[in-house]
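Peer 1: Just so it is clear, I am handing over start_36.txt, which has compact mmCIF, C-alpha atoms and all ligand atoms.
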```
# COMPACT_ATOMS: atom_id res chain seq x y z
CA MET A 1 -30.20 -99.69 -79.45
CA SER A 2 -26.84 -101.33 -79.40
CA SER A 3 -26.26 -104.62 -77.68
CA THR A 4 -23.66 -107.23 -76.95
CA GLU A 5 -23.94 -110.79 -75.83
CA ASN A 6 -21.23 -112.01 -73.58
CA GLU A 7 -21.11 -115.73 -73.86
CA THR A 8 -18.38 -118.03 -72.76
CA GLU A 9 -16.58 -119.28 -75.84
CA VAL A 10 -13.57 -121.44 -76.48
CA ASP A 11 -10.88 -119.00 -77.40
CA PRO A 12 -7.33 -120.04 -78.38
CA MET A 13 -6.05 -116.94 -76.59
CA ARG A 14 -7.79 -117.97 -73.39
CA ALA A 15 -4.92 -119.96 -71.85
CA ARG A 16 -2.48 -117.17 -72.54
CA TYR A 17 -4.92 -114.68 -71.10
CA GLU A 18 -5.37 -116.75 -67.94
CA GLU A 19 -1.62 -116.98 -67.50
CA LEU A 20 -1.26 -113.22 -67.80
CA ALA A 21 -4.18 -112.65 -65.43
CA GLU A 22 -2.48 -114.91 -62.90
CA LEU A 23 0.76 -112.99 -63.27
CA ALA A 24 -0.99 -109.65 -62.92
CA GLY A 25 -2.74 -110.95 -59.79
CA SER A 26 0.60 -111.87 -58.22
CA LEU A 27 2.04 -108.51 -59.18
CA ALA A 28 -0.92 -106.70 -57.60
CA HIS A 29 -0.44 -108.74 -54.47
CA GLU A 30 3.27 -107.93 -54.33
CA ILE A 31 2.57 -104.22 -54.70
CA LYS A 32 -0.01 -104.28 -51.90
CA ASN A 33 2.45 -104.94 -49.08
CA PRO A 34 5.02 -102.21 -49.77
CA LEU A 35 2.13 -99.86 -50.46
CA SER A 36 0.65 -100.46 -47.03
CA VAL A 37 4.09 -99.78 -45.50
CA ILE A 38 4.24 -96.50 -47.42
CA HIS A 39 0.73 -95.65 -46.23
CA MET A 40 1.56 -96.39 -42.61
CA ASN A 41 4.69 -94.25 -42.71
CA ILE A 42 2.85 -91.42 -44.42
CA ASP A 43 0.38 -91.47 -41.52
CA LEU A 44 3.26 -91.36 -39.01
CA LEU A 45 4.93 -88.54 -40.95
CA SER A 46 1.78 -86.47 -40.95
CA GLU A 47 1.42 -86.95 -37.17
CA ASP A 48 5.00 -85.62 -36.76
CA LEU A 49 4.26 -82.66 -39.00
CA GLU A 50 1.05 -81.85 -37.12
CA GLU A 51 3.05 -81.65 -33.90
CA LEU A 52 5.60 -79.22 -35.44
CA ASP A 53 2.82 -76.82 -36.49
CA SER A 54 4.98 -74.28 -38.35
CA PRO A 55 4.26 -72.64 -41.77
CA GLY A 56 6.80 -74.99 -43.35
CA SER A 57 5.35 -78.07 -41.74
CA ARG A 58 1.82 -77.10 -42.74
CA ARG A 59 2.91 -76.91 -46.37
CA SER A 60 4.59 -80.29 -46.05
CA LEU A 61 1.44 -81.66 -44.45
CA GLU A 62 -0.59 -80.66 -47.49
CA ARG A 63 1.83 -82.53 -49.73
CA VAL A 64 1.76 -85.55 -47.47
CA ASP A 65 -2.05 -85.49 -47.69
CA ILE A 66 -1.82 -85.63 -51.48
CA VAL A 67 0.49 -88.64 -51.25
CA ARG A 68 -1.88 -90.31 -48.80
CA GLY A 69 -4.84 -89.69 -51.11
CA GLN A 70 -3.03 -91.28 -54.04
CA CYS A 71 -1.95 -94.17 -51.81
CA GLU A 72 -5.57 -94.81 -50.89
CA ARG A 73 -6.57 -94.68 -54.53
CA MET A 74 -3.95 -97.29 -55.44
CA GLU A 75 -5.02 -99.48 -52.53
CA GLY A 76 -8.63 -99.28 -53.73
CA LEU A 77 -7.58 -100.21 -57.26
CA LEU A 78 -5.57 -103.17 -56.02
CA ARG A 79 -8.43 -104.34 -53.81
CA ASP A 80 -10.85 -104.29 -56.74
CA PHE A 81 -8.32 -105.89 -59.02
CA LEU A 82 -7.55 -108.73 -56.63
CA LYS A 83 -11.24 -109.34 -56.12
CA TYR A 84 -11.49 -109.59 -59.89
CA THR A 85 -8.63 -112.02 -60.41
CA ARG A 86 -9.22 -114.23 -57.36
CA LEU A 87 -12.60 -115.49 -58.36
CA ARG A 88 -12.24 -119.18 -59.03
CA ASP A 89 -13.96 -122.37 -58.03
CA ILE A 90 -16.52 -120.85 -55.71
CA ASP A 91 -18.90 -123.19 -53.89
CA LEU A 92 -22.46 -122.78 -55.11
CA LEU A 93 -25.48 -123.52 -52.93
CA PRO A 94 -29.20 -123.34 -53.69
CA GLY A 95 -30.57 -119.89 -52.95
CA SER A 96 -33.03 -117.23 -53.97
CA LEU A 97 -32.10 -114.62 -56.57
CA ASN A 98 -34.95 -112.46 -55.21
CA ASP A 99 -33.36 -112.46 -51.74
CA GLN A 100 -29.97 -111.55 -53.20
CA ILE A 101 -31.20 -108.55 -55.15
CA LEU A 102 -33.40 -107.43 -52.23
CA MET A 103 -30.39 -107.36 -49.91
CA VAL A 104 -28.42 -105.29 -52.41
CA LEU A 105 -31.29 -102.86 -53.01
CA ARG A 106 -31.70 -102.44 -49.27
CA ALA A 107 -28.03 -101.46 -49.01
CA TYR A 108 -28.49 -98.79 -51.69
CA GLN A 109 -31.96 -97.55 -50.68
CA ALA A 110 -30.65 -94.54 -48.74
CA GLN A 111 -28.48 -93.46 -51.67
CA ALA A 112 -31.36 -93.92 -54.11
CA ASP A 113 -33.64 -91.80 -51.88
CA ALA A 114 -30.99 -89.10 -51.58
CA ASP A 115 -30.54 -89.00 -55.37
CA GLY A 116 -34.27 -88.90 -56.12
CA ILE A 117 -34.25 -92.36 -57.69
CA ASP A 118 -37.37 -94.44 -57.55
CA VAL A 119 -36.67 -98.19 -57.30
CA GLU A 120 -39.45 -100.38 -58.66
CA LYS A 121 -39.42 -104.09 -57.90
CA TYR A 122 -41.28 -106.78 -59.80
CA LEU A 123 -39.97 -109.95 -58.25
CA ASP A 124 -41.55 -113.25 -59.25
CA PRO A 125 -42.61 -114.94 -55.97
CA ASP A 126 -42.47 -118.36 -57.66
CA LEU A 127 -38.92 -117.98 -58.91
CA PRO A 128 -37.08 -121.32 -58.73
CA ALA A 129 -33.90 -121.54 -56.65
CA ILE A 130 -30.58 -121.17 -58.42
CA LEU A 131 -27.11 -122.29 -57.38
CA LEU A 132 -25.30 -119.30 -55.98
CA HIS A 133 -22.47 -117.99 -53.85
CA SER A 134 -24.11 -115.29 -51.79
CA ASP A 135 -21.15 -112.94 -51.14
CA SER A 136 -19.92 -113.03 -54.73
CA LEU A 137 -23.33 -112.68 -56.29
CA GLN A 138 -24.15 -109.75 -54.06
CA ALA A 139 -20.85 -108.12 -54.99
CA ALA A 140 -21.78 -108.50 -58.68
CA LEU A 141 -25.26 -107.08 -58.16
CA MET A 142 -23.86 -104.22 -56.09
CA ASN A 143 -21.58 -103.22 -58.95
CA LEU A 144 -24.55 -103.15 -61.32
CA VAL A 145 -26.86 -101.25 -58.97
CA LYS A 146 -24.09 -98.79 -58.11
CA ASN A 147 -23.49 -98.10 -61.80
CA ALA A 148 -27.20 -97.61 -62.37
CA LEU A 149 -27.44 -95.08 -59.53
CA GLU A 150 -24.32 -93.30 -60.76
CA SER A 151 -25.86 -92.95 -64.22
CA MET A 152 -28.86 -91.08 -62.78
CA ASP A 153 -27.30 -88.09 -61.06
CA SER A 154 -30.43 -85.99 -61.48
CA GLY A 155 -32.89 -88.66 -60.41
CA GLY A 156 -34.73 -91.32 -62.34
CA GLN A 157 -36.08 -94.81 -62.08
CA LEU A 158 -34.48 -98.18 -61.55
CA MET A 159 -36.68 -101.09 -62.47
CA VAL A 160 -35.73 -104.50 -61.13
CA ARG A 161 -37.51 -107.53 -62.44
CA THR A 162 -37.08 -111.28 -61.93
CA TYR A 163 -38.77 -113.93 -64.02
CA THR A 164 -38.24 -117.34 -65.52
CA THR A 165 -37.62 -118.02 -69.17
CA ARG A 166 -37.68 -121.38 -70.89
CA LYS A 167 -34.25 -122.35 -69.61
CA SER A 168 -33.22 -119.81 -67.05
CA VAL A 169 -33.94 -117.59 -64.10
CA ALA A 170 -33.50 -114.01 -65.21
CA LEU A 171 -33.02 -110.59 -63.69
CA ASP A 172 -33.49 -107.29 -65.49
CA LEU A 173 -31.99 -104.06 -64.21
CA ILE A 174 -33.33 -101.14 -66.19
CA ASP A 175 -32.31 -97.58 -65.45
CA THR A 176 -33.45 -94.29 -66.94
CA GLY A 177 -29.92 -92.88 -66.65
CA SER A 178 -27.43 -91.35 -69.06
CA GLY A 179 -27.10 -94.44 -71.24
CA VAL A 180 -23.94 -95.09 -73.26
CA ASP A 181 -22.97 -94.99 -76.91
CA ASP A 182 -22.12 -98.01 -79.08
CA ASN A 183 -18.39 -97.65 -78.50
CA THR A 184 -18.83 -97.77 -74.73
CA VAL A 185 -21.11 -100.81 -75.05
CA LEU A 186 -18.29 -102.54 -76.92
CA HIS A 187 -15.70 -101.80 -74.24
CA MET A 188 -17.55 -101.48 -70.95
CA PHE A 189 -16.84 -105.07 -69.83
CA GLU A 190 -13.09 -104.68 -70.34
CA PRO A 191 -10.99 -104.34 -67.19
CA PHE A 192 -10.04 -100.68 -66.49
CA TYR A 193 -12.43 -99.26 -69.06
CA SER A 194 -14.22 -96.37 -67.39
CA THR A 195 -15.85 -93.13 -68.50
CA LYS A 196 -15.86 -91.79 -64.93
CA ASP A 197 -13.35 -89.56 -63.17
CA GLY A 198 -11.52 -91.86 -60.78
CA GLY A 199 -13.53 -94.90 -61.93
CA SER A 200 -11.70 -98.23 -61.54
CA GLY A 201 -13.33 -99.80 -64.58
CA LEU A 202 -13.47 -103.09 -62.71
CA GLY A 203 -17.14 -103.16 -61.71
CA LEU A 204 -18.55 -104.69 -64.88
CA PRO A 205 -15.73 -107.16 -65.63
CA THR A 206 -15.96 -108.37 -62.03
CA ALA A 207 -19.74 -108.68 -62.26
CA ARG A 208 -19.47 -110.62 -65.50
CA LYS A 209 -16.83 -112.94 -64.13
CA ILE A 210 -18.96 -113.69 -61.06
CA ILE A 211 -22.08 -114.27 -63.15
CA GLU A 212 -20.15 -116.62 -65.45
CA ALA A 213 -18.80 -118.47 -62.39
CA HIS A 214 -22.50 -119.14 -61.67
CA GLY A 215 -22.92 -120.60 -65.14
CA GLY A 216 -24.86 -117.48 -66.09
CA ARG A 217 -24.47 -114.68 -68.55
CA ILE A 218 -25.00 -110.96 -68.74
CA SER A 219 -25.98 -108.79 -71.67
CA VAL A 220 -26.58 -105.09 -72.07
CA GLN A 221 -28.59 -102.74 -74.19
CA SER A 222 -28.23 -99.01 -73.92
CA GLU A 223 -29.27 -95.77 -75.53
CA VAL A 224 -27.69 -92.40 -74.87
CA GLY A 225 -30.07 -90.13 -72.98
CA ARG A 226 -32.62 -92.88 -72.37
CA GLY A 227 -31.00 -95.47 -70.17
CA THR A 228 -29.48 -98.88 -69.88
CA LYS A 229 -30.82 -102.38 -69.46
CA PHE A 230 -28.79 -105.28 -68.12
CA VAL A 231 -30.18 -108.80 -68.36
CA LEU A 232 -28.71 -111.55 -66.19
CA GLU A 233 -29.59 -115.16 -66.86
CA PHE A 234 -28.83 -118.09 -64.58
CA PRO A 235 -29.35 -121.77 -65.26
CA VAL A 236 -32.04 -123.57 -63.29
CA PRO A 237 -30.38 -126.57 -61.68
CA LYS A 238 -32.03 -129.77 -62.87
CA ARG A 239 -32.35 -131.39 -59.48
CA LEU A 240 -34.00 -128.30 -58.02
CA SER A 241 -36.36 -127.32 -60.82
N1 LIG B 301 -26.01 -98.40 -65.77
C1 LIG B 301 -25.10 -97.74 -66.51
N2 LIG B 301 -25.45 -96.60 -67.17
C2 LIG B 301 -24.54 -95.94 -67.92
N3 LIG B 301 -23.27 -96.33 -68.09
C3 LIG B 301 -22.87 -97.45 -67.47
C4 LIG B 301 -23.75 -98.21 -66.65
N4 LIG B 301 -23.06 -99.28 -66.19
C5 LIG B 301 -21.81 -99.17 -66.68
N5 LIG B 301 -21.68 -98.07 -67.44
C6 LIG B 301 -20.47 -97.67 -68.20
O1 LIG B 301 -19.53 -98.72 -68.12
C7 LIG B 301 -18.30 -98.22 -67.61
C8 LIG B 301 -17.59 -99.31 -66.83
O2 LIG B 301 -18.29 -99.61 -65.64
P1 LIG B 301 -17.51 -100.26 -64.42
O3 LIG B 301 -16.76 -101.43 -64.92
O4 LIG B 301 -18.46 -100.48 -63.31
O5 LIG B 301 -16.43 -99.16 -64.04
P2 LIG B 301 -16.61 -97.74 -63.31
O6 LIG B 301 -17.98 -97.72 -62.68
O7 LIG B 301 -15.50 -97.71 -62.30
O8 LIG B 301 -16.45 -96.71 -64.39
C9 LIG B 301 -18.68 -96.98 -66.82
O9 LIG B 301 -17.59 -96.09 -66.71
C10 LIG B 301 -19.82 -96.42 -67.66
O10 LIG B 301 -19.32 -95.73 -68.76
MG MG B 302 -18.82 -99.26 -61.55
```
What does the file become when written as structure tokens?
Ligand SMILES: Nc1ncnc2c1ncn2[C@@H]1O[C@H](COP(=O)(O)OP(=O)(O)O)[C@@H](O)[C@H]1O
Ligand SMILES: [Mg+2]
Peer 2:
Amino acid sequence: MSSTENETEVDPMRARYEELAELAGSLAHEIKNPLSVIHMNIDLLSEDLEELDSPGSRRSLERVDIVRGQCERMEGLLRDFLKYTRLRDIDLLPGSLNDQILMVLRAYQAQADADGIDVEKYLDPDLPAILLHSDSLQAALMNLVKNALESMDSGGQLMVRTYTTRKSVALDLIDTGSGVDDNTVLHMFEPFYSTKDGGSGLGLPTARKIIEAHGGRISVQSEVGRGTKFVLEFPVPKRLS
């Protein structure tokens, strides 16, 4: 088994990195507006072409559809990217990690059923509250559950477990999917790293950023052909424990 620990550390490159991330965020934002103008005009153009309905216009319509498809792909990438860069200073409130993961699993239940994936839940009923931002945390958990389902295209099992450790409230997500090799484990949390066709490679870095914004951390263990285990740990707030 290969594993990485992703802990927050004081890095001299950090300030430079943050500056570049800020810049990239602004760039993404600037690209979004002209892109939506292009998209809107592509839609208008295809309406015009549909009305013409000649062999020439049908060919043009196919090309316009390709442009629209690529436009949508870029919009999706920008959306994910902006979500990734915008996460700062979120307000945390006491809440239940069990409730958060249950809501996410409910959203994916139909997909799990369709893919022949059995979801097993072992949620500690006495789990202490943690400080959380519901929308962000659910987005992080969704990315992780989505990845797990995607790794089990011919069925499998997703085990979800919550428990307390000496210092934290923890969540395990264990899938019996494809697993990944050591090299992928090393790079999977990097923005844009993806082994999937059309994958954004932003799911895991976004999840990690959100978890760290909760004062938590995420680690992974994986084995090709056997599956992957993610462990999330959140601090128990002193006042609430
Ligand atoms: N549960 C998992 N099982 C197998 N591989 C995974 C899992 N989660 C993440 N990965 C790997 O990490 C990569 C990055 O994941 P992510 O950042 O969500 O991007 P994407 O899903 O768009 O590829 C994936 O392409 C895949 O190789
Ligand atoms: Mg993903």
Peer 1: So, counting all atoms listed in the file, which residue among A:Glu120, A:Asp135, A:Asp126, A:Asp80 is closest to ligand LIG 301 (chain B)?
Peer 2: A:Asp80
Peer 1: Find the residue from A:Ile174, A:Leu149, A:Ala24, A:Leu186 that sits nearest to Gly227 of chain A; use all atoms listed in the file when measuring.
Peer 2: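 Selected residue with least distance to Gly227 of chain A: A:Ile174.
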Peer 1: Please report the interatomic distance between atom CA of Leu44 of chain A and atom CA of Leu27 of chain A in Å with one decimal.
Peer 2: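 Computing it gives 26.5 Å between the two atoms.
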Peer 1: Between A:Ser136, A:Ser151, A:Gln157, A:Thr162, which residue has the minimum interatomic distance to ligand LIG 301 (chain B), considering all atoms listed in the file?
Peer 2: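 Nearest candidate to ligand LIG 301 (chain B) out of A:Ser136, A:Ser151, A:Gln157, A:Thr162: A:Ser151.
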Peer 1: Within 6 Å of ligand MG 302 (chain B), counting only C-alpha atoms and all ligand atoms, which protein or nucleic acid residues do you find, written as a PyMOL selection string?
Peer 2: chain A and resi 143+147+203
Peer 1: Would you give me, as a tab-separated table, each residue of chain A having an atom within 8 Å of an atom of ligand LIG 301 (chain B), along with its shortest atom pair and that distance in Å to one decimal, using only C-alpha atoms and all ligand atoms and sorting by chain and residue number?
Peer 2:
```
residue	atom	partner	partner_atom	distance
A:Asn143	CA	B:LIG301	O4	6.0
A:Leu144	CA	B:LIG301	N4	6.4
A:Val145	CA	B:LIG301	N1	7.4
A:Lys146	CA	B:LIG301	O6	7.7
A:Asn147	CA	B:LIG301	N4	4.6
A:Ala148	CA	B:LIG301	N1	3.7
A:Leu149	CA	B:LIG301	N1	7.2
A:Glu150	CA	B:LIG301	N2	7.3
A:Ser151	CA	B:LIG301	N2	4.7
A:Met152	CA	B:LIG301	N2	7.8
A:Ile174	CA	B:LIG301	N1	7.8
A:Asp175	CA	B:LIG301	N1	6.4
A:Gly177	CA	B:LIG301	N2	5.8
A:Ser178	CA	B:LIG301	C2	5.5
A:Gly179	CA	B:LIG301	C2	4.5
A:Val180	CA	B:LIG301	N3	5.4
A:Thr184	CA	B:LIG301	O10	6.3
A:Val185	CA	B:LIG301	O1	7.4
A:His187	CA	B:LIG301	O1	7.8
A:Met188	CA	B:LIG301	O1	4.4
A:Phe189	CA	B:LIG301	O3	6.1
A:Glu190	CA	B:LIG301	O3	7.3
A:Pro191	CA	B:LIG301	O3	6.8
A:Phe192	CA	B:LIG301	O3	6.9
A:Tyr193	CA	B:LIG301	C8	5.6
A:Ser194	CA	B:LIG301	O9	3.4
A:Thr195	CA	B:LIG301	O9	3.9
A:Lys196	CA	B:LIG301	O9	5.0
A:Asp197	CA	B:LIG301	O8	7.9
A:Gly198	CA	B:LIG301	O7	7.2
A:Gly199	CA	B:LIG301	O7	3.5
A:Ser200	CA	B:LIG301	O7	3.9
A:Gly201	CA	B:LIG301	O5	3.2
A:Leu202	CA	B:LIG301	O3	4.3
A:Gly203	CA	B:LIG301	O4	3.4
A:Leu204	CA	B:LIG301	O3	3.7
A:Pro205	CA	B:LIG301	O3	5.9
A:Thr206	CA	B:LIG301	O3	7.6
A:Ser222	CA	B:LIG301	C2	7.7
A:Gly227	CA	B:LIG301	N2	6.4
A:Thr228	CA	B:LIG301	N2	5.4
A:Lys229	CA	B:LIG301	N1	7.3
A:Phe230	CA	B:LIG301	N1	7.8
```
Peer 1: Using only C-alpha atoms for the distances, tell me which of A:Asp115, A:Glu50, A:Asp99, A:Asp153 is nearest to Pro128 of chain A.
Peer 2: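 Counting only C-alpha atoms, the residue closest to Pro128 of chain A is A:Asp99.
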Peer 1: For Lys83 of chain A, find every residue with an atom within 12 Å (counting all atoms listed in the file), except residues of its own chain fewer than 2 positions away, and show them as an MDAnalysis selection string.
Peer 2: chainID A and resid 25 28:29 76:81 85:88 135:136 139:140 202:203 205:207 209:210
Peer 1: When you draw a straight line from atom CA of Ser168 of chain A to atom CA of Asn98 of chain A, how long is it in Å?
Peer 2: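 Interatomic distance, atom CA of Ser168 of chain A to atom CA of Asn98 of chain A: 14.0 Å.
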Peer 1: Within 7 Å of (-31.0, -112.0, -66.0) (coordinates as in the file), grab all the protein and nucleic acid residues, counting only C-alpha atoms, and write them out as number ranges by chain.
Peer 2: A: 169-172, 218, 231-234
Peer 1: If you measure from atom CA of Ser36 of chain A to atom CA of Gly69 of chain A, what distance in Å do you get, rounded to one decimal?
Peer 2: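 Taking atom CA of Ser36 of chain A as the start and atom CA of Gly69 of chain A as the end point, the length is 12.8 Å.
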Peer 1: Using only C-alpha atoms for the distances, tell me which of A:Val236, A:Leu158, A:Glu22, A:Leu45 is nearest to Tyr108 of chain A.
Peer 2: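 Of A:Val236, A:Leu158, A:Glu22, A:Leu45, the one nearest Tyr108 of chain A, counting only C-alpha atoms, is A:Leu158.
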Peer 1: Within 12 Å of Leu35 of chain A, counting only C-alpha atoms, which residues qualify if same-chain residues fewer than 2 places away don't, as an mmCIF file with C-alpha atoms, in the frame of the given file?
Peer 2:
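What ended up in out.cif:
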```cif
data_model
loop_
_atom_site.group_PDB
_atom_site.id
_atom_site.type_symbol
_atom_site.label_atom_id
_atom_site.label_comp_id
_atom_site.auth_asym_id
_atom_site.auth_seq_id
_atom_site.Cartn_x
_atom_site.Cartn_y
_atom_site.Cartn_z
ATOM 1 C CA ALA A 28 -0.920 -106.700 -57.600
ATOM 2 C CA HIS A 29 -0.440 -108.740 -54.470
ATOM 3 C CA GLU A 30 3.270 -107.930 -54.330
ATOM 4 C CA ILE A 31 2.570 -104.220 -54.700
ATOM 5 C CA LYS A 32 -0.010 -104.280 -51.900
ATOM 6 C CA ASN A 33 2.450 -104.940 -49.080
ATOM 7 C CA VAL A 37 4.090 -99.780 -45.500
ATOM 8 C CA ILE A 38 4.240 -96.500 -47.420
ATOM 9 C CA HIS A 39 0.730 -95.650 -46.230
ATOM 10 C CA MET A 40 1.560 -96.390 -42.610
ATOM 11 C CA ASN A 41 4.690 -94.250 -42.710
ATOM 12 C CA ILE A 42 2.850 -91.420 -44.420
ATOM 13 C CA VAL A 67 0.490 -88.640 -51.250
ATOM 14 C CA ARG A 68 -1.880 -90.310 -48.800
ATOM 15 C CA GLN A 70 -3.030 -91.280 -54.040
ATOM 16 C CA CYS A 71 -1.950 -94.170 -51.810
ATOM 17 C CA GLU A 72 -5.570 -94.810 -50.890
ATOM 18 C CA ARG A 73 -6.570 -94.680 -54.530
ATOM 19 C CA MET A 74 -3.950 -97.290 -55.440
ATOM 20 C CA GLU A 75 -5.020 -99.480 -52.530
ATOM 21 C CA GLY A 76 -8.630 -99.280 -53.730
ATOM 22 C CA LEU A 77 -7.580 -100.210 -57.260
ATOM 23 C CA LEU A 78 -5.570 -103.170 -56.020
ATOM 24 C CA ARG A 79 -8.430 -104.340 -53.810
#
```
Peer 1: Counting only C-alpha atoms, figure out which residue out of A:Arg226, A:Arg16, A:Arg161, A:His214 gets nearest to Ser134 of chain A.
Peer 2: A:His214
Peer 1: Kindly add N, CA and C atoms to the incomplete segment 64-88 of chain A and provide the output as a short mmCIF file (atom, residue, chain, number, x, y, z; two decimals), in the frame of the given file.
Peer 2:
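So out_16.cif came out as:
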```cif
data_model
loop_
_atom_site.label_atom_id
_atom_site.label_comp_id
_atom_site.auth_asym_id
_atom_site.auth_seq_id
_atom_site.Cartn_x
_atom_site.Cartn_y
_atom_site.Cartn_z
N VAL A 64 1.90 -84.19 -48.01
CA VAL A 64 1.76 -85.55 -47.47
C VAL A 64 0.32 -86.04 -47.66
N ASP A 65 -0.65 -85.11 -47.49
CA ASP A 65 -2.05 -85.49 -47.69
C ASP A 65 -2.32 -85.92 -49.13
N ILE A 66 -1.66 -85.25 -50.07
CA ILE A 66 -1.82 -85.63 -51.48
C ILE A 66 -1.28 -87.05 -51.69
N VAL A 67 -0.10 -87.30 -51.11
CA VAL A 67 0.49 -88.64 -51.25
C VAL A 67 -0.43 -89.68 -50.63
N ARG A 68 -0.99 -89.35 -49.46
CA ARG A 68 -1.88 -90.31 -48.80
C ARG A 68 -3.11 -90.59 -49.67
N GLY A 69 -3.67 -89.53 -50.25
CA GLY A 69 -4.84 -89.69 -51.11
C GLY A 69 -4.56 -90.62 -52.28
N GLN A 70 -3.38 -90.44 -52.89
CA GLN A 70 -3.03 -91.28 -54.04
C GLN A 70 -2.76 -92.72 -53.60
N CYS A 71 -2.19 -92.84 -52.39
CA CYS A 71 -1.95 -94.17 -51.81
C CYS A 71 -3.28 -94.90 -51.65
N GLU A 72 -4.26 -94.19 -51.11
CA GLU A 72 -5.57 -94.81 -50.89
C GLU A 72 -6.22 -95.21 -52.21
N ARG A 73 -6.01 -94.37 -53.21
CA ARG A 73 -6.57 -94.68 -54.53
C ARG A 73 -5.95 -95.97 -55.09
N MET A 74 -4.63 -96.07 -54.95
CA MET A 74 -3.95 -97.29 -55.44
C MET A 74 -4.39 -98.51 -54.65
N GLU A 75 -4.57 -98.34 -53.34
CA GLU A 75 -5.02 -99.48 -52.53
C GLU A 75 -6.42 -99.94 -52.96
N GLY A 76 -7.28 -98.95 -53.26
CA GLY A 76 -8.63 -99.28 -53.73
C GLY A 76 -8.58 -100.03 -55.06
N LEU A 77 -7.73 -99.55 -55.96
CA LEU A 77 -7.58 -100.21 -57.26
C LEU A 77 -7.11 -101.65 -57.10
N LEU A 78 -6.11 -101.82 -56.23
CA LEU A 78 -5.57 -103.17 -56.02
C LEU A 78 -6.61 -104.08 -55.40
N ARG A 79 -7.38 -103.54 -54.46
CA ARG A 79 -8.43 -104.34 -53.81
C ARG A 79 -9.42 -104.84 -54.86
N ASP A 80 -9.89 -103.91 -55.69
CA ASP A 80 -10.85 -104.29 -56.74
C ASP A 80 -10.24 -105.28 -57.71
N PHE A 81 -8.98 -105.04 -58.05
CA PHE A 81 -8.32 -105.89 -59.02
C PHE A 81 -8.15 -107.32 -58.48
N LEU A 82 -7.75 -107.40 -57.22
CA LEU A 82 -7.55 -108.73 -56.63
C LEU A 82 -8.87 -109.48 -56.50
N LYS A 83 -9.92 -108.73 -56.18
CA LYS A 83 -11.24 -109.34 -56.12
C LYS A 83 -11.57 -109.93 -57.49
N TYR A 84 -11.21 -109.18 -58.52
CA TYR A 84 -11.49 -109.59 -59.89
C TYR A 84 -10.73 -110.84 -60.29
N THR A 85 -9.44 -110.89 -59.93
CA THR A 85 -8.63 -112.02 -60.41
C THR A 85 -8.78 -113.26 -59.54
N ARG A 86 -9.21 -113.10 -58.28
CA ARG A 86 -9.22 -114.23 -57.36
C ARG A 86 -10.42 -115.16 -57.50
N LEU A 87 -11.36 -114.74 -58.32
CA LEU A 87 -12.60 -115.49 -58.36
C LEU A 87 -12.47 -116.81 -59.11
N ARG A 88 -12.34 -117.85 -58.39
CA ARG A 88 -12.24 -119.18 -59.03
C ARG A 88 -12.91 -120.20 -58.15
#
```
